[in-house]
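Novice: Got a structure for you, start28.cif, holding mmCIF, N, CA and C atoms.
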data_structure
#
loop_
_atom_site.label_atom_id
_atom_site.label_comp_id
_atom_site.auth_asym_id
_atom_site.auth_seq_id
_atom_site.Cartn_x
_atom_site.Cartn_y
_atom_site.Cartn_z
N GLN A 13 53.04 157.71 97.83
CA GLN A 13 54.42 157.79 98.26
C GLN A 13 54.69 156.68 99.26
N VAL A 14 55.77 155.95 99.03
CA VAL A 14 56.13 154.86 99.92
C VAL A 14 56.68 155.43 101.22
N GLN A 15 56.16 154.91 102.32
CA GLN A 15 56.65 155.31 103.64
C GLN A 15 57.12 154.08 104.39
N VAL A 16 58.22 154.24 105.10
CA VAL A 16 58.81 153.15 105.88
C VAL A 16 58.85 153.59 107.34
N VAL A 17 58.34 152.75 108.21
CA VAL A 17 58.29 153.10 109.63
C VAL A 17 58.85 151.95 110.46
N GLU A 18 59.87 152.27 111.26
CA GLU A 18 60.46 151.27 112.15
C GLU A 18 59.86 151.40 113.55
N SER A 19 59.86 150.30 114.27
CA SER A 19 59.42 150.30 115.66
C SER A 19 60.10 149.15 116.39
N GLY A 20 60.01 149.19 117.72
CA GLY A 20 60.54 148.10 118.52
C GLY A 20 61.85 148.38 119.22
N GLY A 21 62.42 149.55 118.98
CA GLY A 21 63.66 149.89 119.66
C GLY A 21 63.42 150.15 121.14
N GLY A 22 64.51 150.29 121.88
CA GLY A 22 64.40 150.56 123.29
C GLY A 22 65.71 150.35 124.01
N LEU A 23 65.62 150.32 125.34
CA LEU A 23 66.78 150.12 126.20
C LEU A 23 66.77 148.68 126.71
N VAL A 24 67.90 148.01 126.57
CA VAL A 24 68.00 146.62 127.00
C VAL A 24 69.38 146.38 127.58
N GLN A 25 69.47 145.45 128.50
CA GLN A 25 70.77 145.10 129.07
C GLN A 25 71.54 144.20 128.13
N ALA A 26 72.85 144.24 128.26
CA ALA A 26 73.69 143.36 127.47
C ALA A 26 73.26 141.91 127.65
N GLY A 27 73.21 141.18 126.54
CA GLY A 27 72.74 139.81 126.57
C GLY A 27 71.26 139.66 126.29
N GLY A 28 70.55 140.77 126.30
CA GLY A 28 69.13 140.74 126.06
C GLY A 28 68.77 140.71 124.58
N SER A 29 67.46 140.80 124.32
CA SER A 29 66.94 140.71 122.96
C SER A 29 65.95 141.82 122.67
N LEU A 30 65.86 142.16 121.41
CA LEU A 30 64.85 143.08 120.91
C LEU A 30 64.41 142.59 119.54
N ARG A 31 63.17 142.90 119.19
CA ARG A 31 62.67 142.60 117.86
C ARG A 31 62.22 143.89 117.21
N LEU A 32 62.89 144.28 116.16
CA LEU A 32 62.53 145.48 115.42
C LEU A 32 61.57 145.12 114.30
N SER A 33 60.59 146.00 114.11
CA SER A 33 59.63 145.82 113.04
C SER A 33 59.77 146.95 112.03
N CYS A 34 59.44 146.64 110.81
CA CYS A 34 59.49 147.63 109.74
C CYS A 34 58.22 147.48 108.92
N ALA A 35 57.44 148.54 108.88
CA ALA A 35 56.18 148.53 108.14
C ALA A 35 56.26 149.48 106.96
N VAL A 36 55.79 149.02 105.82
CA VAL A 36 55.80 149.84 104.60
C VAL A 36 54.37 150.16 104.21
N SER A 37 54.10 151.42 103.94
CA SER A 37 52.78 151.84 103.49
C SER A 37 52.92 152.67 102.22
N GLY A 38 51.81 152.80 101.51
CA GLY A 38 51.85 153.56 100.28
C GLY A 38 52.54 152.83 99.14
N GLY A 39 52.83 151.57 99.37
CA GLY A 39 53.52 150.78 98.37
C GLY A 39 53.68 149.36 98.87
N THR A 40 54.44 148.57 98.20
CA THR A 40 54.62 147.19 98.57
C THR A 40 56.11 146.85 98.63
N ILE A 41 56.41 145.78 99.34
CA ILE A 41 57.79 145.29 99.36
C ILE A 41 57.91 144.05 98.49
N THR A 42 56.78 143.62 97.93
CA THR A 42 56.80 142.46 97.04
C THR A 42 57.75 142.73 95.88
N LEU A 43 58.62 141.78 95.61
CA LEU A 43 59.61 141.83 94.53
C LEU A 43 60.81 142.72 94.86
N TYR A 44 60.82 143.34 96.06
CA TYR A 44 61.95 144.19 96.45
C TYR A 44 62.69 143.59 97.65
N ALA A 45 64.00 143.69 97.62
CA ALA A 45 64.78 143.35 98.79
C ALA A 45 64.62 144.43 99.85
N MET A 46 64.84 144.02 101.10
CA MET A 46 64.75 144.94 102.22
C MET A 46 66.02 144.82 103.05
N GLY A 47 66.36 145.92 103.71
CA GLY A 47 67.57 145.88 104.51
C GLY A 47 67.48 146.72 105.76
N TRP A 48 68.43 146.47 106.67
CA TRP A 48 68.58 147.26 107.89
C TRP A 48 70.02 147.79 107.95
N PHE A 49 70.10 149.03 108.34
CA PHE A 49 71.38 149.68 108.59
C PHE A 49 71.33 150.28 109.99
N ARG A 50 72.47 150.67 110.50
CA ARG A 50 72.50 151.34 111.80
C ARG A 50 73.56 152.43 111.80
N GLN A 51 73.33 153.40 112.68
CA GLN A 51 74.27 154.51 112.77
C GLN A 51 74.45 154.89 114.23
N ALA A 52 75.67 154.75 114.70
CA ALA A 52 76.02 155.15 116.05
C ALA A 52 76.52 156.59 116.04
N PRO A 53 76.47 157.27 117.16
CA PRO A 53 76.92 158.67 117.21
C PRO A 53 78.36 158.82 116.73
N GLY A 54 78.56 159.76 115.82
CA GLY A 54 79.89 160.03 115.31
C GLY A 54 80.40 159.04 114.29
N LYS A 55 79.55 158.10 113.89
CA LYS A 55 79.97 157.09 112.93
C LYS A 55 79.09 157.12 111.69
N GLU A 56 79.58 156.52 110.62
CA GLU A 56 78.80 156.43 109.40
C GLU A 56 77.74 155.35 109.53
N ARG A 57 76.72 155.48 108.72
CA ARG A 57 75.68 154.46 108.68
C ARG A 57 76.30 153.17 108.11
N GLU A 58 76.03 152.06 108.77
CA GLU A 58 76.62 150.80 108.35
C GLU A 58 75.57 149.73 108.12
N PHE A 59 75.90 148.82 107.23
CA PHE A 59 75.02 147.73 106.89
C PHE A 59 74.89 146.76 108.06
N VAL A 60 73.65 146.26 108.26
CA VAL A 60 73.40 145.27 109.29
C VAL A 60 72.94 143.95 108.67
N ALA A 61 71.87 144.01 107.88
CA ALA A 61 71.30 142.79 107.32
C ALA A 61 70.41 143.12 106.13
N ALA A 62 70.25 142.15 105.24
CA ALA A 62 69.35 142.31 104.10
C ALA A 62 68.70 140.98 103.78
N ILE A 63 67.53 141.07 103.18
CA ILE A 63 66.79 139.89 102.78
C ILE A 63 66.29 140.10 101.36
N ASP A 64 66.36 139.06 100.54
CA ASP A 64 65.97 139.24 99.15
C ASP A 64 64.46 139.22 99.00
N TRP A 65 64.00 139.42 97.78
CA TRP A 65 62.57 139.58 97.54
C TRP A 65 61.79 138.30 97.78
N THR A 66 62.46 137.16 97.73
CA THR A 66 61.77 135.89 97.96
C THR A 66 61.65 135.56 99.45
N GLY A 67 62.51 136.20 100.25
CA GLY A 67 62.55 135.87 101.66
C GLY A 67 63.40 134.66 101.98
N ARG A 68 63.98 134.05 100.97
CA ARG A 68 64.75 132.82 101.19
C ARG A 68 66.24 133.06 101.33
N ALA A 69 66.71 134.23 101.00
CA ALA A 69 68.15 134.52 101.09
C ALA A 69 68.37 135.75 101.96
N THR A 70 69.34 135.64 102.85
CA THR A 70 69.70 136.74 103.73
C THR A 70 71.22 136.90 103.76
N THR A 71 71.64 138.09 104.15
CA THR A 71 73.06 138.35 104.34
C THR A 71 73.20 139.27 105.54
N TYR A 72 74.27 139.08 106.31
CA TYR A 72 74.46 139.82 107.54
C TYR A 72 75.87 140.39 107.62
N ALA A 73 75.98 141.50 108.33
CA ALA A 73 77.31 142.01 108.67
C ALA A 73 77.97 141.01 109.60
N GLY A 74 79.26 140.90 109.49
CA GLY A 74 79.97 139.92 110.30
C GLY A 74 79.78 140.10 111.79
N VAL A 75 79.65 141.34 112.22
CA VAL A 75 79.55 141.62 113.66
C VAL A 75 78.20 141.21 114.25
N VAL A 76 77.21 140.93 113.42
CA VAL A 76 75.90 140.52 113.92
C VAL A 76 75.54 139.10 113.51
N GLN A 77 76.34 138.52 112.63
CA GLN A 77 76.09 137.15 112.16
C GLN A 77 75.95 136.21 113.34
N GLY A 78 74.89 135.41 113.30
CA GLY A 78 74.66 134.45 114.38
C GLY A 78 73.88 135.00 115.54
N ARG A 79 73.71 136.31 115.60
CA ARG A 79 72.95 136.93 116.70
C ARG A 79 71.66 137.57 116.19
N PHE A 80 71.67 138.08 114.97
CA PHE A 80 70.51 138.75 114.40
C PHE A 80 69.90 137.86 113.33
N THR A 81 68.56 137.94 113.21
CA THR A 81 67.85 137.20 112.18
C THR A 81 66.82 138.11 111.52
N LEU A 82 66.89 138.16 110.20
CA LEU A 82 66.00 139.02 109.43
C LEU A 82 64.96 138.15 108.73
N SER A 83 63.70 138.58 108.78
CA SER A 83 62.63 137.84 108.13
C SER A 83 61.63 138.82 107.55
N ARG A 84 60.79 138.31 106.68
CA ARG A 84 59.76 139.16 106.09
C ARG A 84 58.45 138.39 106.07
N GLU A 85 57.35 139.13 106.22
CA GLU A 85 56.03 138.53 106.21
C GLU A 85 55.10 139.36 105.33
N ASN A 86 54.31 138.73 104.57
CA ASN A 86 53.39 139.33 103.62
C ASN A 86 54.10 140.37 102.78
N ASP A 87 53.36 141.35 102.30
CA ASP A 87 53.98 142.32 101.41
C ASP A 87 54.20 143.67 102.07
N LYS A 88 54.20 143.69 103.41
CA LYS A 88 54.28 144.97 104.11
C LYS A 88 55.26 145.01 105.26
N MET A 89 55.68 143.85 105.79
CA MET A 89 56.42 143.85 107.05
C MET A 89 57.74 143.10 106.96
N VAL A 90 58.72 143.66 107.69
CA VAL A 90 60.02 143.02 107.82
C VAL A 90 60.38 143.06 109.31
N PHE A 91 61.04 142.01 109.79
CA PHE A 91 61.38 141.94 111.21
C PHE A 91 62.87 141.63 111.39
N LEU A 92 63.47 142.29 112.37
CA LEU A 92 64.87 142.01 112.71
C LEU A 92 64.91 141.56 114.16
N GLN A 93 65.14 140.27 114.37
CA GLN A 93 65.28 139.71 115.71
C GLN A 93 66.73 139.84 116.13
N MET A 94 66.94 140.52 117.25
CA MET A 94 68.30 140.78 117.72
C MET A 94 68.49 140.11 119.08
N ASN A 95 69.36 139.14 119.14
CA ASN A 95 69.66 138.40 120.37
C ASN A 95 71.09 138.66 120.81
N SER A 96 71.36 138.31 122.06
CA SER A 96 72.72 138.46 122.62
C SER A 96 73.29 139.85 122.33
N LEU A 97 72.49 140.85 122.60
CA LEU A 97 72.88 142.22 122.30
C LEU A 97 74.09 142.66 123.12
N LYS A 98 74.90 143.49 122.50
CA LYS A 98 76.12 144.01 123.11
C LYS A 98 76.06 145.53 123.15
N PRO A 99 76.79 146.15 124.06
CA PRO A 99 76.79 147.62 124.10
C PRO A 99 77.18 148.24 122.75
N GLU A 100 78.03 147.58 122.00
CA GLU A 100 78.44 148.12 120.70
C GLU A 100 77.35 148.04 119.64
N ASP A 101 76.24 147.40 119.96
CA ASP A 101 75.08 147.39 119.06
C ASP A 101 74.24 148.66 119.21
N THR A 102 74.57 149.47 120.18
CA THR A 102 73.83 150.71 120.40
C THR A 102 73.93 151.63 119.19
N ALA A 103 72.77 152.01 118.66
CA ALA A 103 72.72 152.85 117.45
C ALA A 103 71.26 153.14 117.12
N VAL A 104 71.09 154.02 116.15
CA VAL A 104 69.78 154.18 115.53
C VAL A 104 69.71 153.19 114.37
N TYR A 105 68.67 152.40 114.35
CA TYR A 105 68.50 151.37 113.33
C TYR A 105 67.49 151.83 112.29
N TYR A 106 67.89 151.71 111.03
CA TYR A 106 67.07 152.15 109.91
C TYR A 106 66.69 150.98 109.02
N CYS A 107 65.44 150.98 108.60
CA CYS A 107 64.94 150.00 107.64
C CYS A 107 64.82 150.70 106.29
N ALA A 108 65.04 149.94 105.22
CA ALA A 108 64.98 150.54 103.90
C ALA A 108 64.50 149.52 102.87
N ARG A 109 63.84 150.05 101.83
CA ARG A 109 63.40 149.21 100.72
C ARG A 109 64.33 149.38 99.54
N GLY A 110 64.57 148.30 98.85
CA GLY A 110 65.45 148.33 97.70
C GLY A 110 64.96 149.24 96.59
N ARG A 111 65.90 149.62 95.74
CA ARG A 111 65.60 150.55 94.67
C ARG A 111 65.00 149.84 93.46
N THR A 112 65.46 148.64 93.17
CA THR A 112 65.00 147.92 91.99
C THR A 112 64.48 146.54 92.37
N LYS A 113 63.62 146.00 91.53
CA LYS A 113 63.04 144.68 91.78
C LYS A 113 64.06 143.58 91.51
N PHE A 114 63.87 142.46 92.20
CA PHE A 114 64.64 141.24 91.96
C PHE A 114 66.13 141.38 92.24
N SER A 115 66.51 142.30 93.10
CA SER A 115 67.93 142.47 93.43
C SER A 115 68.44 141.25 94.19
N THR A 116 69.70 140.93 93.96
CA THR A 116 70.32 139.84 94.73
C THR A 116 70.63 140.34 96.13
N VAL A 117 70.64 139.44 97.06
CA VAL A 117 70.81 139.85 98.44
C VAL A 117 72.22 140.40 98.68
N GLN A 118 73.21 139.88 97.97
CA GLN A 118 74.57 140.38 98.17
C GLN A 118 74.70 141.83 97.74
N ALA A 119 73.99 142.21 96.68
CA ALA A 119 74.03 143.60 96.22
C ALA A 119 73.47 144.55 97.27
N MET A 120 72.61 144.03 98.13
CA MET A 120 71.92 144.88 99.08
C MET A 120 72.78 145.25 100.28
N ARG A 121 74.03 144.86 100.28
CA ARG A 121 74.94 145.30 101.34
C ARG A 121 75.38 146.75 101.13
N SER A 122 75.10 147.27 99.95
CA SER A 122 75.48 148.65 99.62
C SER A 122 74.32 149.61 99.88
N ILE A 123 74.63 150.69 100.55
CA ILE A 123 73.60 151.68 100.91
C ILE A 123 72.98 152.31 99.68
N THR A 124 73.69 152.31 98.56
CA THR A 124 73.20 152.94 97.33
C THR A 124 72.07 152.15 96.68
N GLN A 125 71.85 150.92 97.14
CA GLN A 125 70.83 150.07 96.53
C GLN A 125 69.43 150.33 97.10
N TYR A 126 69.32 151.27 98.02
CA TYR A 126 68.05 151.51 98.70
C TYR A 126 67.45 152.84 98.31
N GLU A 127 66.13 152.85 98.21
CA GLU A 127 65.45 154.08 97.77
C GLU A 127 64.63 154.73 98.88
N TYR A 128 63.93 153.91 99.66
CA TYR A 128 63.05 154.48 100.68
C TYR A 128 63.56 154.07 102.07
N TRP A 129 63.63 155.07 102.93
CA TRP A 129 64.18 154.88 104.27
C TRP A 129 63.20 155.34 105.34
N GLY A 130 63.25 154.67 106.48
CA GLY A 130 62.49 155.11 107.62
C GLY A 130 63.26 156.15 108.42
N GLN A 131 62.63 156.63 109.48
CA GLN A 131 63.25 157.65 110.33
C GLN A 131 64.16 157.05 111.39
N GLY A 132 64.09 155.76 111.56
CA GLY A 132 64.98 155.10 112.50
C GLY A 132 64.35 154.85 113.85
N THR A 133 64.88 153.86 114.55
CA THR A 133 64.46 153.56 115.91
C THR A 133 65.71 153.34 116.75
N GLN A 134 65.71 153.95 117.93
CA GLN A 134 66.90 153.91 118.78
C GLN A 134 66.98 152.58 119.54
N VAL A 135 68.16 151.99 119.49
CA VAL A 135 68.45 150.79 120.29
C VAL A 135 69.62 151.13 121.20
N THR A 136 69.42 150.97 122.48
CA THR A 136 70.47 151.24 123.46
C THR A 136 70.70 150.00 124.30
N VAL A 137 71.94 149.54 124.32
CA VAL A 137 72.29 148.35 125.08
C VAL A 137 73.23 148.77 126.21
N SER A 138 72.78 148.55 127.43
CA SER A 138 73.59 148.93 128.59
C SER A 138 74.47 147.76 129.03
N SER A 139 75.62 148.11 129.58
CA SER A 139 76.56 147.06 130.01
C SER A 139 76.32 146.67 131.45
#
Transcribe the structure of this file into structure tokens.

Specialist:
Amino acid sequence: QVQVVESGGGLVQAGGSLRLSCAVSGGTITLYAMGWFRQAPGKEREFVAAIDWTGRATTYAGVVQGRFTLSRENDKMVFLQMNSLKPEDTAVYYCARGRTKFSTVQAMRSITQYEYWGQGTQVTVSS
């Protein structure tokens, strides 16, 4: 059974940085796109960033474009570098693996394209 585990969340002041990690076990991320979503209290889960199976194409939500960078290493790990954090970035961040192989990165902006999800890691940005 594929398991997804996020780590790296925490409390940071506005303007600071965090690096979230996502580890996959019981399976591989090779040939699958990966993505990050976030959910703030009282709000729906929203798309943050996705990376295609090659690692060469990424897509970001407009509100994080230019501040967040998504990368992948080997067949098990994905990283989300978050810079210039703002209080409105406060949320639980979830990592997920795509449902089908060879998906285009643009398709991965939809939550329905993901099959395996982690439990989330809390990111809190103080003003």

Novice: Check which residues of segment 92-126 of chain A sit at most 7 Å from segment 68-86 of chain A using all atoms listed in the file, and return one row each with the closest pair of atoms and their distance in Å to one decimal, ordered by chain and rising number, as CSV.

Specialist:
residue,atom,partner,partner_atom,distance
A:Leu92,CA,A:Thr81,C,4.5
A:Gln93,C,A:Thr81,N,3.9
A:Met94,CA,A:Phe80,CA,4.5
A:Asn95,N,A:Arg79,C,4.1
A:Ser96,N,A:Arg79,CA,5.8
A:Val117,CA,A:Ala69,C,5.9
A:Gln118,N,A:Thr71,CA,6.6

Novice: Distance atom CA of Gly67 of chain A-atom CA of Glu100 of chain A, one decimal place?

Specialist: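 Computed distance, atom CA of Gly67 of chain A to atom CA of Glu100 of chain A, equals 27.7 Å.
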
Novice: If you count all atoms listed in the file, which residues fall within 7 Å of Met89 of chain A, apart from same-chain ones fewer than 5 positions away, as an MDAnalysis selection string?

Specialist: chainID A and resid 33:36 41 83:84

Novice: So, with only N, CA and C atoms as the atoms that count, which of A:Leu23, A:Leu32, A:Val135, A:Ala61 lies closest to Asp101 of chain A?

Specialist: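 The shortest atom-to-atom distance to Asp101 of chain A comes from A:Val135.
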
Novice: Draw an axis-aligned box tight on the listed atoms of segment 45-58 of chain A, then pad every side by 5 Å and write out centre and edge lengths in Å to one decimal as AutoDock Vina command-line options.

Specialist:
--center_x 72.2 --center_y 151.7 --center_z 107.4 --size_x 26.4 --size_y 26.7 --size_z 29.6

Novice: Starting from the displayed file, determine the output of the PyMOL selection byres ((chain A and resi 108-112) around 5) and express the residue list as number ranges by chain.

Specialist: A: 45-47, 106-107, 113-115, 125-129

Novice: Write the residues you've just listed into a file as a PDB file, keeping the file's coordinate frame, and include N, CA and C atoms for each of them.

Specialist:
ATOM      1  N   ALA A  45      64.000 143.690  97.620  1.00  0.00           N
ATOM      2  CA  ALA A  45      64.780 143.350  98.790  1.00  0.00           C
ATOM      3  C   ALA A  45      64.620 144.430  99.850  1.00  0.00           C
ATOM      4  N   MET A  46      64.840 144.020 101.100  1.00  0.00           N
ATOM      5  CA  MET A  46      64.750 144.940 102.220  1.00  0.00           C
ATOM      6  C   MET A  46      66.020 144.820 103.050  1.00  0.00           C
ATOM      7  N   GLY A  47      66.360 145.920 103.710  1.00  0.00           N
ATOM      8  CA  GLY A  47      67.570 145.880 104.510  1.00  0.00           C
ATOM      9  C   GLY A  47      67.480 146.720 105.760  1.00  0.00           C
ATOM     10  N   TYR A 106      67.890 151.710 111.030  1.00  0.00           N
ATOM     11  CA  TYR A 106      67.070 152.150 109.910  1.00  0.00           C
ATOM     12  C   TYR A 106      66.690 150.980 109.020  1.00  0.00           C
ATOM     13  N   CYS A 107      65.440 150.980 108.600  1.00  0.00           N
ATOM     14  CA  CYS A 107      64.940 150.000 107.640  1.00  0.00           C
ATOM     15  C   CYS A 107      64.820 150.700 106.290  1.00  0.00           C
ATOM     16  N   LYS A 113      63.620 146.000  91.530  1.00  0.00           N
ATOM     17  CA  LYS A 113      63.040 144.680  91.780  1.00  0.00           C
ATOM     18  C   LYS A 113      64.060 143.580  91.510  1.00  0.00           C
ATOM     19  N   PHE A 114      63.870 142.460  92.200  1.00  0.00           N
ATOM     20  CA  PHE A 114      64.640 141.240  91.960  1.00  0.00           C
ATOM     21  C   PHE A 114      66.130 141.380  92.240  1.00  0.00           C
ATOM     22  N   SER A 115      66.510 142.300  93.100  1.00  0.00           N
ATOM     23  CA  SER A 115      67.930 142.470  93.430  1.00  0.00           C
ATOM     24  C   SER A 115      68.440 141.250  94.190  1.00  0.00           C
ATOM     25  N   GLN A 125      71.850 150.920  97.140  1.00  0.00           N
ATOM     26  CA  GLN A 125      70.830 150.070  96.530  1.00  0.00           C
ATOM     27  C   GLN A 125      69.430 150.330  97.100  1.00  0.00           C
ATOM     28  N   TYR A 126      69.320 151.270  98.020  1.00  0.00           N
ATOM     29  CA  TYR A 126      68.050 151.510  98.700  1.00  0.00           C
ATOM     30  C   TYR A 126      67.450 152.840  98.310  1.00  0.00           C
ATOM     31  N   GLU A 127      66.130 152.850  98.210  1.00  0.00           N
ATOM     32  CA  GLU A 127      65.450 154.080  97.770  1.00  0.00           C
ATOM     33  C   GLU A 127      64.630 154.730  98.880  1.00  0.00           C
ATOM     34  N   TYR A 128      63.930 153.910  99.660  1.00  0.00           N
ATOM     35  CA  TYR A 128      63.050 154.480 100.680  1.00  0.00           C
ATOM     36  C   TYR A 128      63.560 154.070 102.070  1.00  0.00           C
ATOM     37  N   TRP A 129      63.630 155.070 102.930  1.00  0.00           N
ATOM     38  CA  TRP A 129      64.180 154.880 104.270  1.00  0.00           C
ATOM     39  C   TRP A 129      63.200 155.340 105.340  1.00  0.00           C
TER      40      TRP A 129
END

Novice: Got a sec to resolve the PyMOL selection byres (((chain A and resi 98 and name CA) around 8) and name CA) on this structure and send the residues as an mmCIF file with N, CA and C atoms, in the frame of the given file?

Specialist:
data_model
loop_
_atom_site.group_PDB
_atom_site.id
_atom_site.type_symbol
_atom_site.label_atom_id
_atom_site.label_comp_id
_atom_site.auth_asym_id
_atom_site.auth_seq_id
_atom_site.Cartn_x
_atom_site.Cartn_y
_atom_site.Cartn_z
ATOM 1 N N ALA A 26 72.850 144.240 128.260
ATOM 2 C CA ALA A 26 73.690 143.360 127.470
ATOM 3 C C ALA A 26 73.260 141.910 127.650
ATOM 4 N N GLY A 27 73.210 141.180 126.540
ATOM 5 C CA GLY A 27 72.740 139.810 126.570
ATOM 6 C C GLY A 27 71.260 139.660 126.290
ATOM 7 N N SER A 96 71.360 138.310 122.060
ATOM 8 C CA SER A 96 72.720 138.460 122.620
ATOM 9 C C SER A 96 73.290 139.850 122.330
ATOM 10 N N LEU A 97 72.490 140.850 122.600
ATOM 11 C CA LEU A 97 72.880 142.220 122.300
ATOM 12 C C LEU A 97 74.090 142.660 123.120
ATOM 13 N N PRO A 99 76.790 146.150 124.060
ATOM 14 C CA PRO A 99 76.790 147.620 124.100
ATOM 15 C C PRO A 99 77.180 148.240 122.750
ATOM 16 N N GLU A 100 78.030 147.580 122.000
ATOM 17 C CA GLU A 100 78.440 148.120 120.700
ATOM 18 C C GLU A 100 77.350 148.040 119.640
ATOM 19 N N ASP A 101 76.240 147.400 119.960
ATOM 20 C CA ASP A 101 75.080 147.390 119.060
ATOM 21 C C ASP A 101 74.240 148.660 119.210
ATOM 22 N N THR A 102 74.570 149.470 120.180
ATOM 23 C CA THR A 102 73.830 150.710 120.400
ATOM 24 C C THR A 102 73.930 151.630 119.190
ATOM 25 N N VAL A 137 71.940 149.540 124.320
ATOM 26 C CA VAL A 137 72.290 148.350 125.080
ATOM 27 C C VAL A 137 73.230 148.770 126.210
ATOM 28 N N SER A 138 72.780 148.550 127.430
ATOM 29 C CA SER A 138 73.590 148.930 128.590
ATOM 30 C C SER A 138 74.470 147.760 129.030
ATOM 31 N N SER A 139 75.620 148.110 129.580
ATOM 32 C CA SER A 139 76.560 147.060 130.010
ATOM 33 C C SER A 139 76.320 146.670 131.450
#

Novice: Which is closer to Ala62 of chain A than all the others in A:Gly132, A:Gly20, A:Trp48, A:Gly39, using all atoms listed in the file?

Specialist: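 Going through A:Gly132, A:Gly20, A:Trp48, A:Gly39 one by one, the smallest distance to Ala62 of chain A is for A:Trp48.
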
Novice: Determine which residues of chain A DSSP labels as strand (DSSP E or B) from the backbone of this structure, then write them out as number ranges by chain.

Specialist: A: 15-19, 22-25, 30-37, 44-51, 58-63, 70-72, 80-85, 89-94, 103-113, 126-129, 133-138

Novice: How many Å separate atom CA of Thr42 of chain A from atom CA of Trp65 of chain A?

Specialist: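 Going from atom CA of Thr42 of chain A over to atom CA of Trp65 of chain A, I get 6.5 Å.
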
Novice: Got a sec to tell me which of chain A DSSP assigns to helix (DSSP H, G or I), as a ChimeraX atom specification?

Specialist: /A:99-101,118-121,123-125

Novice: When you count all atoms listed in the file, which of these residues is closest to Ala52 of chain A: A:Tyr105, A:Gly22, A:Ile123, A:Leu30?

Specialist: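 Using all atoms listed in the file, Ala52 of chain A sits closest to A:Tyr105.
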
Novice: If I take atom CA of Thr124 of chain A and atom CA of Glu56 of chain A, how far is one from the other in Å, to one decimal?

Specialist: 13.8 Å

Novice: Which is closer to Val60 of chain A than all the others in A:Ser29, A:Ser122, A:Gln131, A:Thr136, using only C-alpha atoms?

Specialist: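 Checking each candidate against Val60 of chain A, we get A:Ser122 as the closest.
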
Novice: Quick one: of A:Val14, A:Val24, A:Ile63, A:Leu43, who's nearest to Val90 of chain A, counting only C-alpha atoms?

Specialist: A:Ile63

Novice: In terms of the shortest atom-to-atom distance over only N, CA and C atoms, which of A:Val104, A:Gln15, A:Tyr44, A:Phe49 is closest to Thr66 of chain A?

Specialist: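 Of the candidates, the smallest distance to Thr66 of chain A is held by A:Tyr44.
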
Novice: Since the input is missing atoms, can you rebuild N, CA, C and O atoms for segment 69-79 of chain A and write them as a tab-separated table (two decimals), in the coordinates of the input?

Specialist:
chain	number	residue	atom	x	y	z
A	69	ALA	N	66.71	134.23	101.00
A	69	ALA	CA	68.15	134.52	101.09
A	69	ALA	C	68.37	135.75	101.96
A	69	ALA	O	67.68	136.76	101.83
A	70	THR	N	69.34	135.64	102.85
A	70	THR	CA	69.70	136.74	103.73
A	70	THR	C	71.22	136.90	103.76
A	70	THR	O	71.97	135.98	103.43
A	71	THR	N	71.64	138.09	104.15
A	71	THR	CA	73.06	138.35	104.34
A	71	THR	C	73.20	139.27	105.54
A	71	THR	O	72.33	140.12	105.78
A	72	TYR	N	74.27	139.08	106.31
A	72	TYR	CA	74.46	139.82	107.54
A	72	TYR	C	75.87	140.39	107.62
A	72	TYR	O	76.82	139.82	107.09
A	73	ALA	N	75.98	141.50	108.33
A	73	ALA	CA	77.31	142.01	108.67
A	73	ALA	C	77.97	141.01	109.60
A	73	ALA	O	77.30	140.38	110.43
A	74	GLY	N	79.26	140.90	109.49
A	74	GLY	CA	79.97	139.92	110.30
A	74	GLY	C	79.78	140.10	111.79
A	74	GLY	O	79.71	139.12	112.55
A	75	VAL	N	79.65	141.34	112.22
A	75	VAL	CA	79.55	141.62	113.66
A	75	VAL	C	78.20	141.21	114.25
A	75	VAL	O	78.05	141.15	115.47
A	76	VAL	N	77.21	140.93	113.42
A	76	VAL	CA	75.90	140.52	113.92
A	76	VAL	C	75.54	139.10	113.51
A	76	VAL	O	74.54	138.54	113.97
A	77	GLN	N	76.34	138.52	112.63
A	77	GLN	CA	76.09	137.15	112.16
A	77	GLN	C	75.95	136.21	113.34
A	77	GLN	O	76.77	136.20	114.26
A	78	GLY	N	74.89	135.41	113.30
A	78	GLY	CA	74.66	134.45	114.38
A	78	GLY	C	73.88	135.00	115.54
A	78	GLY	O	73.40	134.24	116.40
A	79	ARG	N	73.71	136.31	115.60
A	79	ARG	CA	72.95	136.93	116.70
A	79	ARG	C	71.66	137.57	116.19
A	79	ARG	O	70.67	137.62	116.93
